[in-house]
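Colleague: Contents of final-v2.csv (CSV, C-alpha atoms):
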```csv
chain,number,residue,atom,x,y,z
A,871,MET,CA,0.1,15.3,7.6
A,872,ARG,CA,1.5,11.8,8.3
A,873,LEU,CA,4.6,10.4,6.6
A,874,GLY,CA,5.0,6.8,5.6
A,875,LEU,CA,8.2,5.0,4.3
A,876,HIS,CA,7.8,2.9,1.2
A,877,TYR,CA,10.6,0.3,1.2
A,878,TRP,CA,10.9,-0.6,-2.5
A,879,ASN,CA,14.5,-1.7,-3.0
A,880,PHE,CA,16.4,-4.6,-1.3
A,881,SER,CA,19.6,-4.0,-3.4
A,882,THR,CA,21.4,-1.7,-0.9
A,883,PRO,CA,23.1,-3.7,0.5
A,884,ASP,CA,22.5,-6.6,-1.9
A,885,ALA,CA,24.3,-9.3,0.2
A,886,PRO,CA,21.4,-11.6,1.4
A,887,SER,CA,22.9,-11.7,4.9
A,888,GLU,CA,22.6,-7.9,5.2
A,889,ILE,CA,19.0,-7.5,3.9
A,890,ALA,CA,17.2,-8.4,7.2
A,891,PRO,CA,19.3,-6.3,9.5
A,892,THR,CA,19.2,-3.3,7.1
A,893,LEU,CA,15.4,-3.6,6.8
A,894,ALA,CA,14.9,-3.9,10.6
A,895,ARG,CA,17.2,-1.0,11.4
A,896,THR,CA,15.5,1.2,8.8
A,897,ALA,CA,12.1,0.5,10.3
A,898,GLU,CA,13.3,1.1,13.8
A,899,ILE,CA,14.8,4.5,12.9
A,900,ALA,CA,11.6,5.4,11.0
A,901,GLU,CA,9.4,4.5,13.9
A,902,GLU,CA,11.6,6.4,16.4
A,903,ALA,CA,11.4,9.5,14.1
A,904,GLY,CA,7.6,9.4,14.0
A,905,PHE,CA,6.8,7.8,10.7
A,906,SER,CA,3.2,6.6,10.7
A,907,ALA,CA,3.4,3.7,8.2
A,908,PHE,CA,5.9,1.3,6.6
A,909,THR,CA,5.0,-0.3,3.3
A,910,VAL,CA,6.6,-2.7,0.9
A,911,MET,CA,5.8,-3.8,-2.7
A,912,ASP,CA,4.0,-6.9,-3.8
A,913,HIS,CA,6.5,-8.1,-6.3
A,914,TYR,CA,8.6,-11.2,-6.8
A,915,PHE,CA,10.9,-9.7,-9.5
A,916,GLN,CA,12.1,-6.2,-9.1
A,917,MET,CA,10.2,-3.8,-11.3
A,918,GLU,CA,11.7,-3.1,-14.7
A,919,GLY,CA,12.1,0.6,-15.4
A,920,MET,CA,13.0,1.3,-11.7
A,921,ALA,CA,15.8,-1.3,-11.6
A,922,SER,CA,16.7,-4.6,-13.1
A,923,ALA,CA,14.3,-7.5,-12.7
A,924,GLU,CA,17.3,-9.6,-11.4
A,925,GLU,CA,17.8,-7.4,-8.4
A,926,PRO,CA,16.8,-8.7,-4.9
A,927,MET,CA,13.1,-8.8,-4.0
A,928,LEU,CA,11.4,-10.4,-0.9
A,929,GLU,CA,7.9,-11.7,-0.6
A,930,ALA,CA,5.8,-8.9,0.9
A,931,TYR,CA,3.8,-10.5,3.7
A,932,THR,CA,6.6,-12.5,5.1
A,933,THR,CA,8.6,-9.3,5.2
A,934,LEU,CA,5.8,-7.5,7.1
A,935,GLY,CA,5.5,-10.4,9.6
A,936,TYR,CA,9.2,-9.9,10.3
A,937,LEU,CA,8.7,-6.2,10.8
A,938,ALA,CA,5.8,-6.7,13.1
A,939,ALA,CA,8.2,-8.2,15.6
A,940,ARG,CA,10.7,-5.3,15.2
A,941,THR,CA,8.3,-2.4,15.5
A,942,GLU,CA,5.5,-1.3,17.9
A,943,ARG,CA,3.5,1.6,16.5
A,944,MET,CA,3.7,2.0,12.7
A,945,THR,CA,1.0,0.8,10.5
A,946,LEU,CA,2.3,-2.1,8.3
A,947,GLY,CA,1.1,-2.9,4.8
A,948,VAL,CA,1.7,-3.8,1.2
A,949,LEU,CA,1.3,-0.6,-0.7
A,950,VAL,CA,-0.5,-2.4,-3.5
A,951,THR,CA,-1.2,-6.1,-3.1
A,952,GLY,CA,-1.5,-7.8,-6.5
A,953,VAL,CA,-5.0,-9.2,-6.7
A,954,MET,CA,-3.9,-12.2,-8.8
A,955,TYR,CA,-1.2,-13.4,-6.4
A,956,ARG,CA,-3.3,-14.9,-3.6
A,957,TYR,CA,-6.8,-16.4,-3.4
A,958,PRO,CA,-9.1,-13.9,-1.7
A,959,GLY,CA,-10.0,-16.0,1.3
A,960,LEU,CA,-6.3,-16.7,2.0
A,961,LEU,CA,-5.4,-13.0,1.5
A,962,ALA,CA,-8.0,-12.1,4.2
A,963,LYS,CA,-6.5,-14.6,6.5
A,964,ILE,CA,-2.9,-13.4,5.8
A,965,VAL,CA,-3.8,-9.8,6.5
A,966,THR,CA,-5.7,-10.9,9.6
A,967,THR,CA,-2.6,-12.8,10.8
A,968,LEU,CA,-0.5,-9.7,10.3
A,969,ASP,CA,-3.0,-7.6,12.2
A,970,VAL,CA,-3.1,-10.0,15.2
A,971,LEU,CA,0.6,-10.4,15.4
A,972,SER,CA,1.3,-6.7,15.1
A,973,GLY,CA,-1.3,-5.7,17.7
A,974,GLY,CA,-3.8,-4.2,15.2
A,975,ARG,CA,-1.4,-2.4,12.9
A,976,ALA,CA,-2.2,-4.1,9.5
A,977,ARG,CA,-3.5,-2.3,6.5
A,978,LEU,CA,-4.7,-4.0,3.2
A,979,GLY,CA,-3.4,-2.0,0.3
A,980,ILE,CA,-4.5,-3.7,-3.0
A,981,GLY,CA,-4.9,-3.2,-6.7
A,982,ALA,CA,-5.1,-4.9,-10.0
A,983,SER,CA,-2.0,-6.9,-10.9
A,984,TRP,CA,0.0,-5.7,-13.8
A,985,TYR,CA,3.6,-7.0,-13.9
A,986,GLU,CA,3.2,-9.8,-16.5
A,987,ARG,CA,6.8,-10.8,-16.6
A,988,GLU,CA,6.8,-12.0,-13.0
A,989,GLN,CA,3.4,-13.6,-13.4
A,990,ARG,CA,4.3,-15.6,-16.5
A,991,GLY,CA,7.7,-16.3,-15.0
A,992,LEU,CA,6.3,-17.8,-11.8
A,993,GLY,CA,3.2,-19.4,-13.3
A,994,VAL,CA,0.6,-16.9,-12.0
A,995,PRO,CA,-2.4,-16.8,-14.4
A,996,VAL,CA,-2.5,-13.8,-16.6
A,997,VAL,CA,-6.0,-12.7,-17.3
A,998,PRO,CA,-7.5,-9.8,-19.3
A,999,VAL,CA,-7.5,-6.4,-17.6
A,1000,ALA,CA,-11.3,-6.4,-17.3
A,1001,GLU,CA,-11.3,-9.7,-15.5
A,1002,ARG,CA,-8.6,-8.5,-13.1
A,1003,PHE,CA,-10.9,-5.7,-12.0
A,1004,GLU,CA,-13.8,-8.1,-11.6
A,1005,ARG,CA,-11.6,-10.2,-9.4
A,1006,LEU,CA,-10.5,-7.2,-7.4
A,1007,ASP,CA,-14.2,-6.2,-6.8
A,1008,GLU,CA,-14.9,-9.8,-5.6
A,1009,THR,CA,-11.8,-9.9,-3.5
A,1010,LEU,CA,-12.7,-6.8,-1.6
A,1011,ARG,CA,-16.2,-8.1,-1.0
A,1012,ILE,CA,-14.8,-11.4,0.3
A,1013,CYS,CA,-12.4,-9.6,2.6
A,1014,ARG,CA,-15.2,-7.5,4.1
A,1015,GLN,CA,-17.3,-10.6,4.6
A,1016,MET,CA,-14.5,-12.5,6.3
A,1017,TRP,CA,-13.9,-9.5,8.6
A,1018,SER,CA,-17.6,-9.5,9.6
A,1019,ASP,CA,-19.9,-11.8,11.6
A,1020,ASP,CA,-21.1,-13.5,8.4
A,1021,ASN,CA,-19.4,-16.9,8.1
A,1022,GLY,CA,-21.6,-18.0,5.2
A,1023,ARG,CA,-21.1,-18.7,1.6
A,1024,PHE,CA,-19.8,-16.3,-1.1
A,1025,ASP,CA,-20.8,-17.0,-4.6
A,1026,GLY,CA,-19.2,-14.8,-7.2
A,1027,ARG,CA,-18.4,-15.1,-10.8
A,1028,HIS,CA,-14.7,-15.9,-10.2
A,1029,TYR,CA,-14.6,-17.1,-6.6
A,1030,GLN,CA,-16.9,-19.4,-4.7
A,1031,LEU,CA,-16.3,-19.9,-0.9
A,1032,THR,CA,-18.5,-22.4,1.0
A,1033,GLU,CA,-17.7,-20.7,4.3
A,1034,THR,CA,-15.9,-17.5,5.2
A,1035,LEU,CA,-14.8,-18.6,8.7
A,1036,ASN,CA,-11.9,-16.4,10.0
A,1037,VAL,CA,-10.8,-17.1,13.6
A,1038,PRO,CA,-9.3,-15.2,15.3
A,1039,ALA,CA,-10.8,-12.0,14.0
A,1040,PRO,CA,-8.6,-9.0,13.4
A,1041,ILE,CA,-7.8,-6.7,16.3
A,1042,SER,CA,-8.4,-3.7,14.1
A,1043,ARG,CA,-12.0,-2.4,14.3
A,1044,PRO,CA,-14.1,-2.7,12.4
A,1045,HIS,CA,-11.4,-4.4,10.2
A,1046,PRO,CA,-7.9,-3.6,8.8
A,1047,PRO,CA,-8.3,-0.5,6.7
A,1048,ILE,CA,-8.6,-1.1,3.0
A,1049,MET,CA,-6.5,1.0,0.7
A,1050,ILE,CA,-6.9,0.8,-3.1
A,1051,GLY,CA,-3.8,1.9,-5.0
A,1052,GLY,CA,-3.9,3.4,-8.5
A,1053,GLY,CA,-5.5,6.3,-10.4
A,1054,GLY,CA,-7.4,4.6,-13.1
A,1055,GLU,CA,-10.4,6.9,-13.6
A,1056,LYS,CA,-13.0,4.5,-14.9
A,1057,LYS,CA,-12.4,1.4,-12.8
A,1058,THR,CA,-9.9,1.9,-10.0
A,1059,LEU,CA,-11.3,5.1,-8.6
A,1060,ARG,CA,-14.9,3.7,-8.9
A,1061,LEU,CA,-13.8,0.7,-6.7
A,1062,VAL,CA,-12.3,3.2,-4.2
A,1063,ALA,CA,-15.7,4.9,-3.9
A,1064,ARG,CA,-17.4,1.5,-3.5
A,1065,HIS,CA,-15.1,-0.4,-1.2
A,1066,ALA,CA,-12.0,1.5,0.2
A,1067,ASP,CA,-11.3,3.3,3.4
A,1068,LEU,CA,-8.2,5.0,1.7
A,1069,CYS,CA,-7.0,5.7,-1.8
A,1070,ASN,CA,-3.4,5.9,-2.8
A,1071,LEU,CA,-2.4,8.0,-5.8
A,1072,PHE,CA,0.9,8.4,-7.6
A,1073,GLY,CA,2.3,11.8,-6.8
A,1074,THR,CA,3.2,13.0,-10.3
A,1075,SER,CA,2.1,16.6,-9.4
A,1076,PRO,CA,-0.4,18.3,-7.2
A,1077,ALA,CA,-2.4,19.4,-10.2
A,1078,GLU,CA,-2.7,15.8,-11.5
A,1079,VAL,CA,-3.6,14.5,-8.0
A,1080,ALA,CA,-6.3,17.3,-7.8
A,1081,ARG,CA,-7.8,16.1,-11.0
A,1082,LYS,CA,-7.8,12.5,-9.9
A,1083,LEU,CA,-9.6,13.5,-6.6
A,1084,ASP,CA,-12.2,15.4,-8.6
A,1085,VAL,CA,-12.9,12.1,-10.5
A,1086,LEU,CA,-13.1,10.3,-7.2
A,1087,ARG,CA,-15.6,12.8,-5.9
A,1088,GLU,CA,-17.8,12.1,-8.9
A,1089,HIS,CA,-17.6,8.3,-8.3
A,1090,CYS,CA,-18.5,8.8,-4.7
A,1091,ALA,CA,-21.5,10.8,-5.6
A,1092,ALA,CA,-22.6,8.1,-8.1
A,1093,GLU,CA,-22.1,5.4,-5.4
A,1094,GLY,CA,-23.8,7.4,-2.7
A,1095,ARG,CA,-20.6,7.5,-0.7
A,1096,ASP,CA,-19.4,10.5,1.4
A,1097,TYR,CA,-16.3,11.7,-0.4
A,1098,ASP,CA,-14.8,12.9,2.9
A,1099,SER,CA,-15.0,9.4,4.4
A,1100,VAL,CA,-12.3,8.2,2.0
A,1101,ALA,CA,-8.8,9.1,3.3
A,1102,LYS,CA,-6.4,10.3,0.7
A,1103,THR,CA,-2.8,9.2,0.5
A,1104,VAL,CA,-0.1,10.0,-2.1
A,1105,LEU,CA,3.2,8.3,-3.0
A,1106,VAL,CA,5.5,11.3,-3.5
A,1107,THR,CA,8.3,10.8,-6.1
A,1108,ARG,CA,10.3,13.9,-5.3
A,1109,PRO,CA,13.5,12.8,-3.3
A,1110,PRO,CA,13.0,14.6,0.0
A,1111,LEU,CA,16.7,14.9,0.8
A,1112,ASP,CA,17.6,16.7,-2.4
A,1113,ASP,CA,15.8,19.8,-1.1
A,1114,VAL,CA,13.8,19.3,2.1
A,1115,ASP,CA,12.1,22.7,1.8
A,1116,ALA,CA,10.9,21.9,-1.7
A,1117,PHE,CA,9.6,18.5,-0.5
A,1118,VAL,CA,7.7,20.1,2.4
A,1119,ALA,CA,6.3,22.7,0.0
A,1120,GLU,CA,5.0,20.1,-2.4
A,1121,VAL,CA,3.5,18.1,0.4
A,1122,ALA,CA,1.8,21.3,1.6
A,1123,GLU,CA,0.0,21.4,-1.8
A,1124,TYR,CA,-1.2,17.9,-1.3
A,1125,ALA,CA,-2.4,18.7,2.2
A,1126,ALA,CA,-4.4,21.6,0.7
A,1127,LEU,CA,-6.2,19.0,-1.4
A,1128,GLY,CA,-7.2,17.0,1.7
A,1129,VAL,CA,-4.4,14.4,1.6
A,1130,THR,CA,-3.6,13.2,5.1
A,1131,GLU,CA,-0.6,10.8,4.4
A,1132,VAL,CA,2.2,10.8,2.0
A,1133,GLN,CA,4.8,8.1,1.4
A,1134,THR,CA,8.4,8.6,0.5
A,1135,MET,CA,11.0,6.2,-1.0
A,1136,PRO,CA,14.7,5.8,0.0
A,1137,ASP,CA,17.0,7.0,-2.8
A,1138,ARG,CA,20.2,5.8,-1.1
A,1139,HIS,CA,21.2,3.3,1.6
A,1140,PRO,CA,17.9,3.0,3.5
A,1141,VAL,CA,19.4,3.4,7.0
A,1142,GLU,CA,21.1,6.6,5.9
A,1143,PHE,CA,17.9,7.8,4.3
A,1144,ALA,CA,15.9,7.2,7.5
A,1145,GLU,CA,18.6,8.8,9.7
A,1146,ARG,CA,18.9,11.9,7.6
A,1147,LEU,CA,15.1,12.4,7.5
A,1148,ALA,CA,15.1,12.1,11.3
A,1149,GLU,CA,17.9,14.6,11.6
A,1150,ARG,CA,16.1,17.1,9.4
A,1151,ARG,CA,12.9,16.6,11.4
A,1152,VAL,CA,10.9,16.1,8.3
A,1153,VAL,CA,8.1,14.2,10.1
A,1154,ASN,CA,7.7,17.1,12.5
A,1155,ARG,CA,7.5,19.6,9.7
A,1156,LEU,CA,4.9,17.7,7.9
A,1157,ALA,CA,2.9,17.2,11.1
A,1158,ASP,CA,2.3,20.9,11.1
A,1159,LEU,CA,0.5,20.8,7.8
A,1160,SER,CA,-3.3,20.6,8.0
A,1161,PRO,CA,-5.5,19.0,5.3
A,1162,GLY,CA,-7.6,21.4,3.3
A,1163,ARG,CA,-10.8,20.6,1.4
```
Output the file's structure in the form of structure tokens.
Modeller:
Amino acid sequence: MRLGLHYWNFSTPDAPSEIAPTLARTAEIAEEAGFSAFTVMDHYFQMEGMASAEEPMLEAYTTLGYLAARTERMTLGVLVTGVMYRYPGLLAKIVTTLDVLSGGRARLGIGASWYEREQRGLGVPVVPVAERFERLDETLRICRQMWSDDNGRFDGRHYQLTETLNVPAPISRPHPPIMIGGGGEKKTLRLVARHADLCNLFGTSPAEVARKLDVLREHCAAEGRDYDSVAKTVLVTRPPLDDVDAFVAEVAEYAALGVTEVQTMPDRHPVEFAERLAERRVVNRLADLSPGR
């Protein structure tokens, strides 16, 4: 089992001059401790419900470009890129740029946009949910085409590209891994079966994740896709430092379901969070867990 760090909060410390060194030091400690991945959110306003919308937030791909120069081994990605925030051809180019500059460590995490306050606030078009999923399907097809030898046209319902030229090509082979985030059973998990290399589920409980994976298995069968070819990842909400043994035990239940990577989120100063996880050898303990079915 691999462990990723999901850096969701830029409020500790909230002084703008301290955000970059704190981010860099957290990533460096996480990499030294053996974390496999480092992810950020694709938001421009902090998410309401988790914090105040007025709290600090950085643009995701600029942040990852900064981290590419401060790390050497961890996979870097946006946990769930909002499909409405970037034209698909430009998104493919942005992820390619990250992949090239990081030495082949980029991952495209993506999903349907949902945070309408920031979209309306910053002038991003707000479209019906059904259309967002249509755009997500086309975006994934465009990314795959741009990461192939096909430089030709793409003619979709929502996007038309006269050429899908993308030079240089990504270092990752055959392309940066595609991870679709979300557990929507009718649309999201169907798109996972159709397009994704990885899925990312919200770790409400092992029982709920097991149910979602059963739905994914059904979609894979309908799409003619090998269920085992989709890597399973889970964002675990349990704070690991409250009770490390309980955290490891819960992750063991996810491992039994076939999950191969979990992400955890800092619940305190992120440097302290990374340091204490390293001291408690959490990465090492999770590495001993083998995926089940």
Colleague: Please report the interatomic distance between atom CA of A:Val910 and atom CA of A:Gly874 in Å with one decimal.
Modeller: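 Going from atom CA of A:Val910 over to atom CA of A:Gly874, I get 10.7 Å.
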Colleague: Please compute the atom CA of A:Val1114-atom CA of A:Leu1147 distance, one decimal, in Å.
Modeller: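 Atom-to-atom, atom CA of A:Val1114 to atom CA of A:Leu1147, that is 8.9 Å.
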Colleague: Find the residues near A:Leu1035: any atom within 12 Å, counting all atoms listed in the file, skip ones fewer than 2 places away on the same chain, and give them as a list in words.
Modeller: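 That gives Gly959, Leu960, Ala962, Lys963, Thr966, Ile1012, Cys1013, Gln1015, Met1016, Trp1017, Ser1018, Asp1019, Asp1020, Asn1021, Gly1022, Arg1023, Phe1024, Leu1031, Thr1032, Glu1033, Val1037, Pro1038 and Ala1039 of chain A.
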Colleague: Just give me the gap between atom CA of A:Ile964 and atom CA of A:Asp1007 in Å, one decimal is fine.
Modeller: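 If I compute the distance from atom CA of A:Ile964 to atom CA of A:Asp1007, I get 18.4 Å.
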Colleague: Do a neighbour search on stretch 1123-1138 of chain A at 7 Å with only C-alpha atoms, toss out local chain neighbours closer than 4 positions, and write the hits as a PyMOL selection string.
Modeller: chain A and resi 871-878+1076+1080+1101-1107+1109+1119+1143+1159-1163
Colleague: Would you fill out stretch 919-930 of chain A with all heavy atoms and return it as a PDB file, in the frame of the given file?
Modeller:
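Written output follows (rebuild_19.pdb):
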```pdb
ATOM      1  N   GLY A 919      12.343  -0.838 -15.215  1.00  0.00           N
ATOM      2  CA  GLY A 919      12.100   0.600 -15.400  1.00  0.00           C
ATOM      3  C   GLY A 919      12.664   1.325 -14.145  1.00  0.00           C
ATOM      4  O   GLY A 919      13.278   2.382 -14.275  1.00  0.00           O
ATOM      5  N   MET A 920      12.449   0.765 -12.952  1.00  0.00           N
ATOM      6  CA  MET A 920      13.000   1.300 -11.700  1.00  0.00           C
ATOM      7  C   MET A 920      14.381   0.737 -11.444  1.00  0.00           C
ATOM      8  O   MET A 920      15.246   1.381 -10.849  1.00  0.00           O
ATOM      9  CB  MET A 920      12.081   1.111 -10.548  1.00  0.00           C
ATOM     10  CG  MET A 920      10.748   1.818 -10.670  1.00  0.00           C
ATOM     11  SD  MET A 920       9.714   1.664  -9.198  1.00  0.00           S
ATOM     12  CE  MET A 920      10.619   2.686  -8.024  1.00  0.00           C
ATOM     13  N   ALA A 921      14.550  -0.525 -11.840  1.00  0.00           N
ATOM     14  CA  ALA A 921      15.800  -1.300 -11.600  1.00  0.00           C
ATOM     15  C   ALA A 921      15.775  -2.467 -12.527  1.00  0.00           C
ATOM     16  O   ALA A 921      14.952  -2.563 -13.436  1.00  0.00           O
ATOM     17  CB  ALA A 921      15.924  -1.642 -10.147  1.00  0.00           C
ATOM     18  N   SER A 922      16.669  -3.414 -12.287  1.00  0.00           N
ATOM     19  CA  SER A 922      16.700  -4.600 -13.100  1.00  0.00           C
ATOM     20  C   SER A 922      15.850  -5.698 -12.414  1.00  0.00           C
ATOM     21  O   SER A 922      15.810  -5.810 -11.170  1.00  0.00           O
ATOM     22  CB  SER A 922      18.156  -5.148 -13.177  1.00  0.00           C
ATOM     23  OG  SER A 922      18.197  -6.485 -13.648  1.00  0.00           O
ATOM     24  N   ALA A 923      15.160  -6.489 -13.220  1.00  0.00           N
ATOM     25  CA  ALA A 923      14.300  -7.500 -12.700  1.00  0.00           C
ATOM     26  C   ALA A 923      15.116  -8.553 -11.867  1.00  0.00           C
ATOM     27  O   ALA A 923      14.569  -9.240 -10.997  1.00  0.00           O
ATOM     28  CB  ALA A 923      13.581  -8.258 -13.816  1.00  0.00           C
ATOM     29  N   GLU A 924      16.423  -8.649 -12.136  1.00  0.00           N
ATOM     30  CA  GLU A 924      17.300  -9.600 -11.400  1.00  0.00           C
ATOM     31  C   GLU A 924      17.742  -9.146 -10.070  1.00  0.00           C
ATOM     32  O   GLU A 924      18.407  -9.892  -9.351  1.00  0.00           O
ATOM     33  CB  GLU A 924      18.490  -9.965 -12.307  1.00  0.00           C
ATOM     34  CG  GLU A 924      18.179 -10.816 -13.533  1.00  0.00           C
ATOM     35  CD  GLU A 924      17.537 -10.034 -14.670  1.00  0.00           C
ATOM     36  OE1 GLU A 924      17.593  -8.779 -14.647  1.00  0.00           O
ATOM     37  OE2 GLU A 924      16.962 -10.682 -15.570  1.00  0.00           O
ATOM     38  N   GLU A 925      17.400  -7.917  -9.681  1.00  0.00           N
ATOM     39  CA  GLU A 925      17.800  -7.400  -8.400  1.00  0.00           C
ATOM     40  C   GLU A 925      17.013  -8.068  -7.259  1.00  0.00           C
ATOM     41  O   GLU A 925      15.933  -8.588  -7.492  1.00  0.00           O
ATOM     42  CB  GLU A 925      17.720  -5.897  -8.337  1.00  0.00           C
ATOM     43  CG  GLU A 925      18.725  -5.207  -9.238  1.00  0.00           C
ATOM     44  CD  GLU A 925      18.796  -3.716  -9.011  1.00  0.00           C
ATOM     45  OE1 GLU A 925      18.414  -3.256  -7.916  1.00  0.00           O
ATOM     46  OE2 GLU A 925      19.223  -3.009  -9.943  1.00  0.00           O
ATOM     47  N   PRO A 926      17.509  -8.038  -6.008  1.00  0.00           N
ATOM     48  CA  PRO A 926      16.800  -8.700  -4.900  1.00  0.00           C
ATOM     49  C   PRO A 926      15.413  -8.226  -4.677  1.00  0.00           C
ATOM     50  O   PRO A 926      15.122  -7.042  -4.796  1.00  0.00           O
ATOM     51  CB  PRO A 926      17.717  -8.402  -3.695  1.00  0.00           C
ATOM     52  CG  PRO A 926      19.064  -8.112  -4.272  1.00  0.00           C
ATOM     53  CD  PRO A 926      18.798  -7.447  -5.589  1.00  0.00           C
ATOM     54  N   MET A 927      14.527  -9.152  -4.333  1.00  0.00           N
ATOM     55  CA  MET A 927      13.100  -8.800  -4.000  1.00  0.00           C
ATOM     56  C   MET A 927      12.648  -9.873  -2.985  1.00  0.00           C
ATOM     57  O   MET A 927      12.910 -11.063  -3.172  1.00  0.00           O
ATOM     58  CB  MET A 927      12.248  -8.785  -5.219  1.00  0.00           C
ATOM     59  CG  MET A 927      10.812  -8.398  -4.942  1.00  0.00           C
ATOM     60  SD  MET A 927      10.608  -6.841  -4.050  1.00  0.00           S
ATOM     61  CE  MET A 927      11.457  -5.690  -5.143  1.00  0.00           C
ATOM     62  N   LEU A 928      11.960  -9.452  -1.943  1.00  0.00           N
ATOM     63  CA  LEU A 928      11.400 -10.400  -0.900  1.00  0.00           C
ATOM     64  C   LEU A 928       9.887 -10.430  -1.057  1.00  0.00           C
ATOM     65  O   LEU A 928       9.240  -9.474  -1.474  1.00  0.00           O
ATOM     66  CB  LEU A 928      11.773  -9.879   0.467  1.00  0.00           C
ATOM     67  CG  LEU A 928      13.250  -9.798   0.836  1.00  0.00           C
ATOM     68  CD1 LEU A 928      13.397  -9.407   2.302  1.00  0.00           C
ATOM     69  CD2 LEU A 928      13.973 -11.108   0.558  1.00  0.00           C
ATOM     70  N   GLU A 929       9.338 -11.560  -0.624  1.00  0.00           N
ATOM     71  CA  GLU A 929       7.900 -11.700  -0.600  1.00  0.00           C
ATOM     72  C   GLU A 929       7.330 -10.772   0.474  1.00  0.00           C
ATOM     73  O   GLU A 929       7.835 -10.673   1.587  1.00  0.00           O
ATOM     74  CB  GLU A 929       7.524 -13.167  -0.269  1.00  0.00           C
ATOM     75  CG  GLU A 929       6.066 -13.511  -0.523  1.00  0.00           C
ATOM     76  CD  GLU A 929       5.145 -13.033   0.586  1.00  0.00           C
ATOM     77  OE1 GLU A 929       5.530 -13.129   1.775  1.00  0.00           O
ATOM     78  OE2 GLU A 929       4.042 -12.541   0.269  1.00  0.00           O
ATOM     79  N   ALA A 930       6.243 -10.091   0.136  1.00  0.00           N
ATOM     80  CA  ALA A 930       5.800  -8.900   0.900  1.00  0.00           C
ATOM     81  C   ALA A 930       5.285  -9.278   2.305  1.00  0.00           C
ATOM     82  O   ALA A 930       5.684  -8.654   3.298  1.00  0.00           O
ATOM     83  CB  ALA A 930       4.709  -8.196   0.120  1.00  0.00           C
TER      84      ALA A 930
END
```
